[in-house]
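Below is the file target03.cif, which contains mmCIF, C-alpha atoms.
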data_structure
#
loop_
_atom_site.label_atom_id
_atom_site.label_comp_id
_atom_site.auth_asym_id
_atom_site.auth_seq_id
_atom_site.Cartn_x
_atom_site.Cartn_y
_atom_site.Cartn_z
CA MET A 1 -18.65 41.22 11.08
CA ILE A 2 -18.65 40.19 7.43
CA TYR A 3 -21.39 41.86 5.42
CA ASP A 4 -22.92 40.54 2.21
CA PHE A 5 -23.77 44.13 1.32
CA ILE A 6 -22.96 47.53 2.78
CA THR A 7 -25.08 50.33 1.35
CA ILE A 8 -23.76 53.90 1.39
CA GLY A 9 -25.83 57.06 1.06
CA GLY A 10 -28.96 58.64 2.43
CA ALA A 11 -31.44 57.72 5.15
CA THR A 12 -34.49 59.92 5.68
CA ARG A 13 -37.80 60.28 7.43
CA ASP A 14 -40.54 60.83 4.86
CA ILE A 15 -44.01 62.32 4.83
CA SER A 16 -46.23 61.69 1.81
CA PHE A 17 -49.26 63.73 0.76
CA PHE A 18 -51.82 62.23 -1.61
CA THR A 19 -53.80 64.48 -3.92
CA ASP A 20 -55.70 64.32 -7.21
CA GLN A 21 -55.24 68.06 -7.85
CA GLY A 22 -52.05 67.81 -9.91
CA ILE A 23 -52.07 68.04 -13.70
CA LEU A 24 -49.56 66.03 -15.74
CA ILE A 25 -48.05 68.10 -18.55
CA ASN A 26 -46.07 66.63 -21.44
CA ASN A 27 -42.94 68.64 -22.16
CA PRO A 28 -41.37 67.12 -25.31
CA ARG A 29 -39.16 70.15 -26.01
CA ASP A 30 -36.98 69.37 -22.97
CA ILE A 31 -35.36 65.96 -23.36
CA LEU A 32 -34.38 65.92 -19.66
CA ARG A 33 -37.80 66.98 -18.32
CA GLN A 34 -40.29 65.28 -20.58
CA GLN A 35 -43.18 65.30 -18.08
CA LEU A 36 -44.15 67.88 -15.44
CA LEU A 37 -46.64 67.76 -12.58
CA ALA A 38 -48.35 71.14 -12.13
CA PHE A 39 -50.61 72.79 -9.54
CA GLU A 40 -52.50 76.07 -9.74
CA TYR A 41 -50.19 78.90 -8.75
CA GLY A 42 -51.18 80.50 -5.43
CA ALA A 43 -53.90 77.93 -4.75
CA LYS A 44 -54.56 75.98 -1.57
CA ILE A 45 -54.32 72.32 -2.58
CA ARG A 46 -56.58 69.73 -1.00
CA ILE A 47 -54.81 66.70 0.49
CA ASP A 48 -56.75 63.42 0.55
CA LYS A 49 -54.48 61.68 3.09
CA PHE A 50 -50.90 61.65 4.35
CA ASN A 51 -48.48 59.00 5.55
CA TYR A 52 -45.22 58.89 7.53
CA SER A 53 -42.58 56.44 6.32
CA TYR A 54 -38.84 55.98 5.78
CA GLY A 55 -36.65 56.56 2.75
CA GLY A 56 -33.25 57.50 1.41
CA GLY A 57 -31.44 55.53 -1.27
CA ALA A 58 -29.05 53.64 1.01
CA ALA A 59 -31.76 52.94 3.58
CA ASN A 60 -34.21 51.61 0.99
CA ALA A 61 -31.53 49.41 -0.55
CA ALA A 62 -30.37 48.03 2.81
CA VAL A 63 -33.90 47.12 3.91
CA ASN A 64 -34.55 45.50 0.54
CA LEU A 65 -31.33 43.48 0.61
CA ALA A 66 -32.09 42.30 4.15
CA HIS A 67 -35.44 41.00 2.86
CA PHE A 68 -33.50 38.68 0.57
CA GLY A 69 -31.65 37.24 3.55
CA PHE A 70 -28.39 39.09 3.02
CA LYS A 71 -26.41 40.42 5.96
CA ALA A 72 -26.85 44.10 5.18
CA GLY A 73 -25.51 47.20 6.86
CA CYS A 74 -26.20 50.83 6.05
CA LEU A 75 -23.47 53.48 6.16
CA SER A 76 -25.34 56.73 6.53
CA ALA A 77 -25.63 59.78 8.78
CA ILE A 78 -28.50 60.92 10.99
CA GLY A 79 -29.04 63.77 13.39
CA ASP A 80 -29.36 63.43 17.15
CA ASP A 81 -33.12 63.93 16.99
CA GLU A 82 -36.43 62.10 17.09
CA ASN A 83 -36.40 61.35 13.37
CA GLY A 84 -32.91 59.89 13.68
CA ARG A 85 -33.98 57.62 16.51
CA ALA A 86 -36.99 56.51 14.47
CA ILE A 87 -34.71 55.70 11.51
CA ILE A 88 -32.50 53.56 13.76
CA LYS A 89 -35.50 51.72 15.19
CA ASN A 90 -36.83 51.02 11.71
CA PHE A 91 -33.49 49.52 10.67
CA GLN A 92 -33.40 47.29 13.73
CA GLU A 93 -36.91 46.05 13.06
CA ARG A 94 -35.94 45.30 9.44
CA GLN A 95 -32.79 43.33 10.41
CA VAL A 96 -30.36 45.93 9.02
CA ALA A 97 -27.12 46.42 10.97
CA VAL A 98 -26.89 49.92 12.47
CA SER A 99 -23.29 49.91 13.72
CA LEU A 100 -22.22 52.02 10.71
CA ILE A 101 -24.88 54.70 11.18
CA LYS A 102 -23.19 57.96 12.16
CA LYS A 103 -25.07 60.20 14.60
CA ILE A 104 -24.12 63.86 14.20
CA ALA A 105 -24.92 66.31 16.98
CA GLY A 106 -26.33 69.73 16.22
CA VAL A 107 -27.96 68.86 12.90
CA HIS A 108 -31.28 67.31 11.97
CA SER A 109 -31.84 64.05 10.16
CA GLY A 110 -32.66 64.04 6.46
CA PHE A 111 -36.30 64.66 5.60
CA SER A 112 -38.37 64.26 2.44
CA PHE A 113 -41.71 65.80 1.51
CA ILE A 114 -43.46 63.72 -1.15
CA ILE A 115 -46.46 64.61 -3.31
CA ILE A 116 -48.23 61.55 -4.73
CA SER A 117 -50.73 61.90 -7.57
CA LYS A 118 -53.90 59.88 -8.14
CA THR A 119 -51.93 57.52 -10.41
CA GLY A 120 -49.34 56.78 -7.72
CA GLU A 121 -46.61 58.85 -9.39
CA ARG A 122 -44.68 61.20 -7.13
CA ILE A 123 -42.46 64.24 -6.82
CA ILE A 124 -39.97 64.31 -3.95
CA PHE A 125 -38.67 67.43 -2.20
CA THR A 126 -35.73 66.39 -0.07
CA GLU A 127 -33.63 68.16 2.56
CA ARG A 128 -30.40 66.25 3.06
CA GLY A 129 -29.76 67.27 6.67
CA ALA A 130 -27.14 65.04 8.31
CA ASN A 131 -26.76 63.04 5.10
CA GLY A 132 -24.73 65.90 3.67
CA LEU A 133 -22.14 65.50 6.45
CA LEU A 134 -21.41 61.82 5.89
CA GLN A 135 -17.72 60.91 6.12
CA ILE A 136 -15.86 57.62 6.19
CA SER A 137 -13.54 57.16 9.15
CA ASN A 138 -11.22 54.28 10.09
CA LYS A 139 -14.10 52.33 11.63
CA GLU A 140 -16.12 52.42 8.42
CA GLU A 141 -13.04 51.63 6.32
CA ALA A 142 -12.45 48.47 8.34
CA ALA A 143 -16.06 47.40 7.85
CA LEU A 144 -15.97 48.07 4.11
CA LYS A 145 -12.91 45.85 3.76
CA ASN A 146 -15.01 42.97 5.10
CA ALA A 147 -17.93 43.47 2.73
CA LYS A 148 -18.61 41.13 -0.18
CA ASN A 149 -20.50 43.83 -2.07
CA ILE A 150 -20.86 47.60 -1.76
CA TYR A 151 -23.95 49.44 -2.98
CA ILE A 152 -23.54 53.20 -3.40
CA SER A 153 -26.68 55.30 -3.63
CA SER A 154 -27.28 59.06 -3.70
CA LEU A 155 -24.52 61.06 -2.03
CA SER A 156 -24.29 64.72 -1.13
CA GLY A 157 -21.78 66.83 0.78
CA ASN A 158 -18.16 65.87 0.13
CA TRP A 159 -19.11 62.99 -2.15
CA PRO A 160 -15.86 62.99 -4.20
CA ALA A 161 -13.88 62.11 -1.06
CA ILE A 162 -16.35 59.36 -0.18
CA LEU A 163 -16.22 57.82 -3.66
CA LYS A 164 -12.43 58.03 -3.79
CA LYS A 165 -12.09 56.19 -0.49
CA VAL A 166 -14.75 53.57 -1.22
CA PHE A 167 -13.48 52.71 -4.69
CA ALA A 168 -9.89 52.54 -3.46
CA ILE A 169 -10.92 49.99 -0.82
CA ALA A 170 -13.04 48.03 -3.28
CA SER A 171 -10.23 47.90 -5.83
CA ARG A 172 -7.66 46.68 -3.29
CA GLN A 173 -10.00 44.09 -1.77
CA GLY A 174 -11.63 42.88 -4.97
CA ILE A 175 -15.10 43.97 -3.82
CA ARG A 176 -17.91 44.43 -6.33
CA VAL A 177 -19.43 47.91 -6.39
CA ALA A 178 -22.97 48.65 -7.55
CA TRP A 179 -23.46 52.37 -8.05
CA ASN A 180 -26.66 54.37 -8.49
CA PRO A 181 -25.50 58.01 -8.53
CA SER A 182 -27.49 61.10 -7.67
CA GLU A 183 -27.92 64.37 -9.52
CA ALA A 184 -24.92 65.83 -7.67
CA GLN A 185 -22.68 63.20 -9.27
CA TYR A 186 -23.81 63.01 -12.89
CA SER A 187 -24.23 66.79 -13.18
CA SER A 188 -20.63 67.32 -12.03
CA GLY A 189 -19.28 66.23 -15.38
CA LEU A 190 -18.08 63.00 -16.90
CA LYS A 191 -14.42 63.75 -16.23
CA ARG A 192 -14.95 63.54 -12.46
CA LEU A 193 -16.86 60.26 -12.75
CA MET A 194 -14.66 58.34 -15.18
CA PRO A 195 -12.12 57.02 -12.63
CA PHE A 196 -14.99 55.49 -10.66
CA LEU A 197 -17.01 54.23 -13.64
CA LYS A 198 -14.04 52.14 -14.75
CA ASN A 199 -14.15 50.27 -11.45
CA THR A 200 -17.93 49.85 -11.18
CA PHE A 201 -19.49 46.40 -11.49
CA ILE A 202 -23.14 47.49 -11.86
CA PHE A 203 -23.92 51.06 -12.88
CA SER A 204 -27.62 51.94 -12.72
CA VAL A 205 -29.40 55.14 -13.74
CA ASN A 206 -32.82 56.17 -14.96
CA LYS A 207 -33.33 57.18 -18.58
CA ASP A 208 -33.11 60.94 -17.99
CA GLU A 209 -29.80 60.47 -16.18
CA ALA A 210 -28.56 58.17 -18.93
CA ILE A 211 -29.33 60.82 -21.55
CA GLU A 212 -27.42 63.43 -19.58
CA LEU A 213 -24.42 61.13 -19.26
CA ALA A 214 -24.57 60.26 -22.95
CA LEU A 215 -24.59 63.94 -23.92
CA ALA A 216 -21.34 64.35 -21.97
CA HIS A 217 -19.54 62.02 -24.40
CA SER A 218 -16.76 63.83 -26.24
CA LYS A 219 -18.17 62.89 -29.66
CA LEU A 220 -21.65 64.18 -28.80
CA ARG A 221 -20.83 67.25 -26.74
CA GLY A 222 -21.94 70.46 -28.42
CA GLN A 223 -23.61 68.69 -31.32
CA LYS A 224 -27.26 68.73 -32.29
CA ILE A 225 -28.38 65.18 -31.57
CA LYS A 226 -31.70 63.86 -32.79
CA THR A 227 -34.17 63.10 -30.01
CA ALA A 228 -34.79 59.65 -31.51
CA PHE A 229 -31.12 58.74 -31.02
CA LEU A 230 -31.18 59.73 -27.35
CA ASN A 231 -34.50 58.01 -26.74
CA ASP A 232 -33.08 54.69 -27.96
CA GLU A 233 -31.97 52.78 -24.86
CA LYS A 234 -29.49 50.63 -26.80
CA ASN A 235 -27.58 53.74 -27.85
CA LEU A 236 -27.49 54.97 -24.26
CA LEU A 237 -26.38 51.57 -22.94
CA GLN A 238 -23.52 51.34 -25.43
CA ILE A 239 -22.29 54.86 -24.75
CA ILE A 240 -22.28 54.41 -20.97
CA LYS A 241 -20.78 50.92 -21.23
CA GLY A 242 -17.91 52.57 -23.07
CA TYR A 243 -17.18 54.58 -19.92
CA GLY A 244 -16.05 51.39 -18.18
CA PRO A 245 -18.67 49.68 -15.96
CA LYS A 246 -19.10 45.91 -16.32
CA ILE A 247 -22.92 46.03 -16.44
CA VAL A 248 -25.12 49.03 -17.27
CA LEU A 249 -28.74 49.15 -16.11
CA ILE A 250 -31.22 51.79 -17.30
CA THR A 251 -34.71 52.03 -15.81
CA SER A 252 -37.38 53.75 -17.88
CA GLY A 253 -40.54 53.86 -15.77
CA SER A 254 -43.53 52.14 -17.36
CA ALA A 255 -41.39 51.32 -20.42
CA GLY A 256 -39.43 48.78 -18.37
CA ALA A 257 -35.70 48.33 -17.85
CA TYR A 258 -32.70 47.66 -20.06
CA ALA A 259 -29.30 46.15 -19.30
CA TYR A 260 -26.10 45.56 -21.22
CA ASP A 261 -22.93 43.68 -20.30
CA GLY A 262 -20.97 44.33 -23.48
CA GLN A 263 -22.06 40.99 -24.93
CA LYS A 264 -25.83 41.06 -24.94
CA PHE A 265 -28.71 43.50 -24.55
CA TYR A 266 -31.45 42.62 -22.07
CA TYR A 267 -34.96 44.01 -21.76
CA GLN A 268 -37.45 43.53 -18.94
CA PRO A 269 -41.02 44.88 -19.24
CA ILE A 270 -42.77 45.92 -16.07
CA CYS A 271 -44.77 43.37 -14.11
CA GLN A 272 -48.29 44.66 -13.66
CA GLU A 273 -48.94 45.56 -10.03
CA LYS A 274 -52.18 44.45 -8.34
CA LYS A 275 -52.91 48.09 -7.59
CA ARG A 276 -50.95 51.28 -8.12
CA VAL A 277 -50.60 53.03 -4.76
CA ASP A 278 -47.16 54.63 -4.45
CA THR A 279 -44.10 54.65 -6.72
CA THR A 280 -41.80 56.19 -4.09
CA GLY A 281 -38.52 54.29 -3.91
CA VAL A 282 -39.09 52.17 -7.03
CA GLY A 283 -35.68 53.08 -8.45
CA ASP A 284 -33.89 52.12 -5.25
CA ILE A 285 -35.82 48.87 -5.01
CA PHE A 286 -35.33 47.92 -8.65
CA ASN A 287 -31.61 48.72 -8.65
CA SER A 288 -30.80 47.03 -5.35
CA THR A 289 -32.91 43.99 -6.29
CA PHE A 290 -30.92 43.74 -9.52
CA ALA A 291 -27.67 43.74 -7.52
CA ALA A 292 -29.16 41.10 -5.22
CA GLY A 293 -30.34 39.04 -8.19
CA VAL A 294 -26.95 39.08 -9.89
CA GLU A 295 -25.51 37.74 -6.63
CA LEU A 296 -28.29 35.19 -6.00
CA PHE A 297 -28.39 33.90 -9.57
CA LYS A 298 -24.63 33.88 -10.07
CA GLY A 299 -24.52 36.56 -12.73
CA ASP A 300 -27.73 35.67 -14.58
CA ILE A 301 -28.87 39.12 -15.73
CA LYS A 302 -32.17 37.91 -17.19
CA LYS A 303 -33.25 36.36 -13.89
CA ALA A 304 -32.05 39.39 -11.95
CA LEU A 305 -34.14 41.71 -14.12
CA LEU A 306 -37.28 39.60 -13.69
CA LEU A 307 -36.84 39.52 -9.92
CA SER A 308 -36.40 43.30 -9.94
CA ALA A 309 -39.60 43.82 -11.92
CA ARG A 310 -41.59 41.51 -9.65
CA ASN A 311 -40.30 43.17 -6.49
CA THR A 312 -40.98 46.65 -7.84
CA ALA A 313 -44.57 45.72 -8.75
CA SER A 314 -45.08 44.37 -5.24
CA LYS A 315 -43.73 47.59 -3.69
CA ILE A 316 -45.88 49.85 -5.87
CA ALA A 317 -48.99 48.20 -4.42
CA HIS A 318 -48.03 49.41 -0.93
CA LEU A 319 -47.49 52.75 0.80
CA GLY A 320 -43.92 53.86 1.45
CA ALA A 321 -40.59 53.04 -0.15
CA GLN A 322 -39.83 50.07 2.11
CA ASN A 323 -43.13 48.21 2.24
CA GLY A 324 -44.48 45.33 0.18
CA LEU A 325 -41.03 43.94 -0.59
CA LEU A 326 -40.58 40.30 -1.57
CA LYS A 327 -38.69 37.91 0.68
CA ILE A 328 -36.40 35.13 -0.47
CA LYS A 329 -34.72 32.69 1.88
CA MET A 330 -31.09 32.05 0.99
#
Structure encoded using structure tokens:
Amino acid sequence: MIYDFITIGGATRDISFFTDQGILINNPRDILRQQLLAFEYGAKIRIDKFNYSYGGGAANAAVNLAHFGFKAGCLSAIGDDENGRAIIKNFQERQVAVSLIKKIAGVHSGFSFIIISKTGERIIFTERGANGLLQISNKEEAALKNAKNIYISSLSGNWPAILKKVFAIASRQGIRVAWNPSEAQYSSGLKRLMPFLKNTFIFSVNKDEAIELALAHSKLRGQKIKTAFLNDEKNLLQIIKGYGPKIVLITSGSAGAYAYDGQKFYYQPICQEKKRVDTTGVGDIFNSTFAAGVELFKGDIKKALLLSARNTASKIAHLGAQNGLLKIKM
């Protein structure tokens, strides 16, 4: 089978708790943790409602890409348990190929516990489970060779081996790679990421992650950098573009999104959602929609950004990371 996109990374079962008891605290002294959500220590917190859904970066991206009519498959790992079977069923209902899902006996599927505030913002506590045991065997290698695009999301476990294998295949086959790394990757140090960044087509991170990557630059490391410099998205885009990716995308919450291809800077403000229900998965949806848009619109970054903003606004108005997504017939 030839895939338009294969997504690689996590797939989870999620449970979300909604509460208005959290207090948002501004934390300007920490450039990497500028806002905190706090609860009274030792208190019993009232929950207004809860909801079961599905998540994981690769799963969210695959479902989203399938909504655009792409032939999408997800390369992820689940446990041999009820949550794993539910994840498979959800993929099948969403027209995502499941032949690359690896079922691992003796471990449980990934699970996320999500707290959602009255404004729809969230904090996610995630237990990787089987996702941390993902490996790429000969079967998956053969499938990757037949993909037009590869989308890499959050990875855990032996992620260096996964990246090395995936990028080697992509380089040999001329396959475009869109990469949205997780904390495990960007906190490992720039030196470990550079060989992969140089072969990445679309590299997408949020602003906090972009700041951390910028601070790893040899000219900035160990220096006292003004907050204003690091809060300027153009500076961040240029620094990360210098690491090698063709296109850099930075999402910045309600401030919108920024992209740079080495020739031109692009900015996309948010599209106002009809109602703000749940922001879970917005990064996955925005980033994978951007990859879809670049493909659909033949490299038109401006159109891809607008589609991403529209799709994200639609998702925010619905519960769960994979609901409320736009559909486009190819």
Neighbour list for Glu183 (chain A) as a list in words, cut-off 8 Å, only C-alpha atoms, skip fewer than 3 positions in-chain: Ser154, Tyr186, Ser187 and Glu209 of chain A
Given the file above and the PyMOL selection byres ((chain A and resi 56) around 9), which residues are selected, and can you give them as a ChimeraX atom specification? /A:9-14,54-55,57-61,110-112,153-154,281,284,321
Please evaluate the PyMOL selection byres ((chain A and resi 179) around 10) against the displayed coordinates and give the resulting residues as a ChimeraX atom specification. /A:7-8,150-154,176-178,180-182,196-197,200-205,245,248,287-288,291
Selected residues, C-alpha atoms, written as a short mmCIF file (atom, residue, chain, number, x, y, z; two decimals), in the coordinates of the input, please.
data_model
loop_
_atom_site.label_atom_id
_atom_site.label_comp_id
_atom_site.auth_asym_id
_atom_site.auth_seq_id
_atom_site.Cartn_x
_atom_site.Cartn_y
_atom_site.Cartn_z
CA THR A 7 -25.08 50.33 1.35
CA ILE A 8 -23.76 53.90 1.39
CA ILE A 150 -20.86 47.60 -1.76
CA TYR A 151 -23.95 49.44 -2.98
CA ILE A 152 -23.54 53.20 -3.40
CA SER A 153 -26.68 55.30 -3.63
CA SER A 154 -27.28 59.06 -3.70
CA ARG A 176 -17.91 44.43 -6.33
CA VAL A 177 -19.43 47.91 -6.39
CA ALA A 178 -22.97 48.65 -7.55
CA ASN A 180 -26.66 54.37 -8.49
CA PRO A 181 -25.50 58.01 -8.53
CA SER A 182 -27.49 61.10 -7.67
CA PHE A 196 -14.99 55.49 -10.66
CA LEU A 197 -17.01 54.23 -13.64
CA THR A 200 -17.93 49.85 -11.18
CA PHE A 201 -19.49 46.40 -11.49
CA ILE A 202 -23.14 47.49 -11.86
CA PHE A 203 -23.92 51.06 -12.88
CA SER A 204 -27.62 51.94 -12.72
CA VAL A 205 -29.40 55.14 -13.74
CA PRO A 245 -18.67 49.68 -15.96
CA VAL A 248 -25.12 49.03 -17.27
CA ASN A 287 -31.61 48.72 -8.65
CA SER A 288 -30.80 47.03 -5.35
CA ALA A 291 -27.67 43.74 -7.52
#
Could you list the residues chosen by the PyMOL selection byres ((chain A and resi 313) around 12) in this structure as a VMD selection string? chain A and resid 253 to 254 256 269 to 283 285 to 286 306 to 312 314 to 318 321 323 to 326
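Proximity to Asn90 (chain A) was assessed for A:Phe68, A:Asn158, A:Ala62, A:Phe18 counting only C-alpha atoms; the smallest distance is recorded for A:Ala62.
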Mind checking which residues fall within 7 Å of Leu236 (chain A), counting only C-alpha atoms, ignoring those fewer than 4 positions away in the same chain, and posting them as a PyMOL selection string? chain A and resi 210-211+214+230+232+240
Write out the residues from the selection above, keeping C-alpha atoms, as a short mmCIF file (atom, residue, chain, number, x, y, z; two decimals), in the frame of the given file.
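Ended up saving to part-v3.cif:
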data_model
loop_
_atom_site.label_atom_id
_atom_site.label_comp_id
_atom_site.auth_asym_id
_atom_site.auth_seq_id
_atom_site.Cartn_x
_atom_site.Cartn_y
_atom_site.Cartn_z
CA ALA A 210 -28.56 58.17 -18.93
CA ILE A 211 -29.33 60.82 -21.55
CA ALA A 214 -24.57 60.26 -22.95
CA LEU A 230 -31.18 59.73 -27.35
CA ASP A 232 -33.08 54.69 -27.96
CA ILE A 240 -22.28 54.41 -20.97
#
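The space separating CA of Asn206 (chain A) from CA of Glu233 (chain A) comes to 10.5 Å.
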Using only C-alpha atoms, the residue out of A:Lys241, A:Arg94, A:Ser99, A:Ser156 with shortest distance to Gly69 (chain A) is A:Arg94
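Of note, CA of Leu193 (chain A) and CA of Ile123 (chain A) are spaced 26.6 Å apart.
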Separation of CA of Arg85 (chain A) from CA of Arg122 (chain A), in Å and rounded to one decimal: 26.2 Å
Which residue gives the smallest distance to Lys148 (chain A) among A:Gly129, A:Pro160, A:Gly84, A:Gly174, with only C-alpha atoms counted? A:Gly174
So for region 12-30 of chain A, what box centre and size do we get, axis-aligned, 8 Å extra on each of the six sides, every listed atom, Å to one decimal, as lines of an AutoDock Vina configuration file?
center_x = -45.1
center_y = 65.0
center_z = -9.3
size_x = 37.2
size_y = 26.2
size_z = 49.4
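All protein and nucleic acid residues in the vicinity of (-31.2, 44.2, 8.2), that is within 7 Å when counting all atoms listed in the file, are A:Ala62, A:Val63, A:Ala66, A:Lys71, A:Ala72, A:Gly73, A:Phe91, A:Gln92, A:Arg94, A:Gln95, A:Val96, A:Ala97.
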Check the smallest atom-to-atom distance from each of A:Tyr52, A:Phe290, A:Trp159, A:Phe229 to Arg192 (chain A) using all atoms listed in the file, then report the winner. A:Trp159
Surrounding residues of Gly242 (chain A) excluding itself and chain neighbours under 4 positions, 9 Å, all atoms listed in the file, as a PyMOL selection string: chain A and resi 237-238+262
Leaving out region 35-48 of chain A and any residue of its chain fewer than 3 positions from it, which residues lie within 8 Å of it when counting all atoms listed in the file, given as an mmCIF file with C-alpha atoms, in the coordinates of the input?
data_model
loop_
_atom_site.group_PDB
_atom_site.id
_atom_site.type_symbol
_atom_site.label_atom_id
_atom_site.label_comp_id
_atom_site.auth_asym_id
_atom_site.auth_seq_id
_atom_site.Cartn_x
_atom_site.Cartn_y
_atom_site.Cartn_z
ATOM 1 C CA PHE A 17 -49.260 63.730 0.760
ATOM 2 C CA PHE A 18 -51.820 62.230 -1.610
ATOM 3 C CA THR A 19 -53.800 64.480 -3.920
ATOM 4 C CA ASP A 20 -55.700 64.320 -7.210
ATOM 5 C CA GLN A 21 -55.240 68.060 -7.850
ATOM 6 C CA GLY A 22 -52.050 67.810 -9.910
ATOM 7 C CA ILE A 23 -52.070 68.040 -13.700
ATOM 8 C CA LEU A 24 -49.560 66.030 -15.740
ATOM 9 C CA ILE A 25 -48.050 68.100 -18.550
ATOM 10 C CA ASN A 26 -46.070 66.630 -21.440
ATOM 11 C CA ASN A 27 -42.940 68.640 -22.160
ATOM 12 C CA PRO A 28 -41.370 67.120 -25.310
ATOM 13 C CA ILE A 123 -42.460 64.240 -6.820
#
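Distances to Phe5 (chain A) were evaluated for A:Asp261, A:Gln185, A:Asn64, A:Lys234 using all atoms listed in the file, and the minimum falls at A:Asn64.
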Which residues, written as a CSV table (one decimal) with C-alpha atoms, in the frame of the given file, have at least one atom at most 8 Å from Met1 (chain A), with only C-alpha atoms counted and residues fewer than 2 positions away on the same chain left out?
chain,number,residue,atom,x,y,z
A,3,TYR,CA,-21.4,41.9,5.4
A,143,ALA,CA,-16.1,47.4,7.8
A,146,ASN,CA,-15.0,43.0,5.1
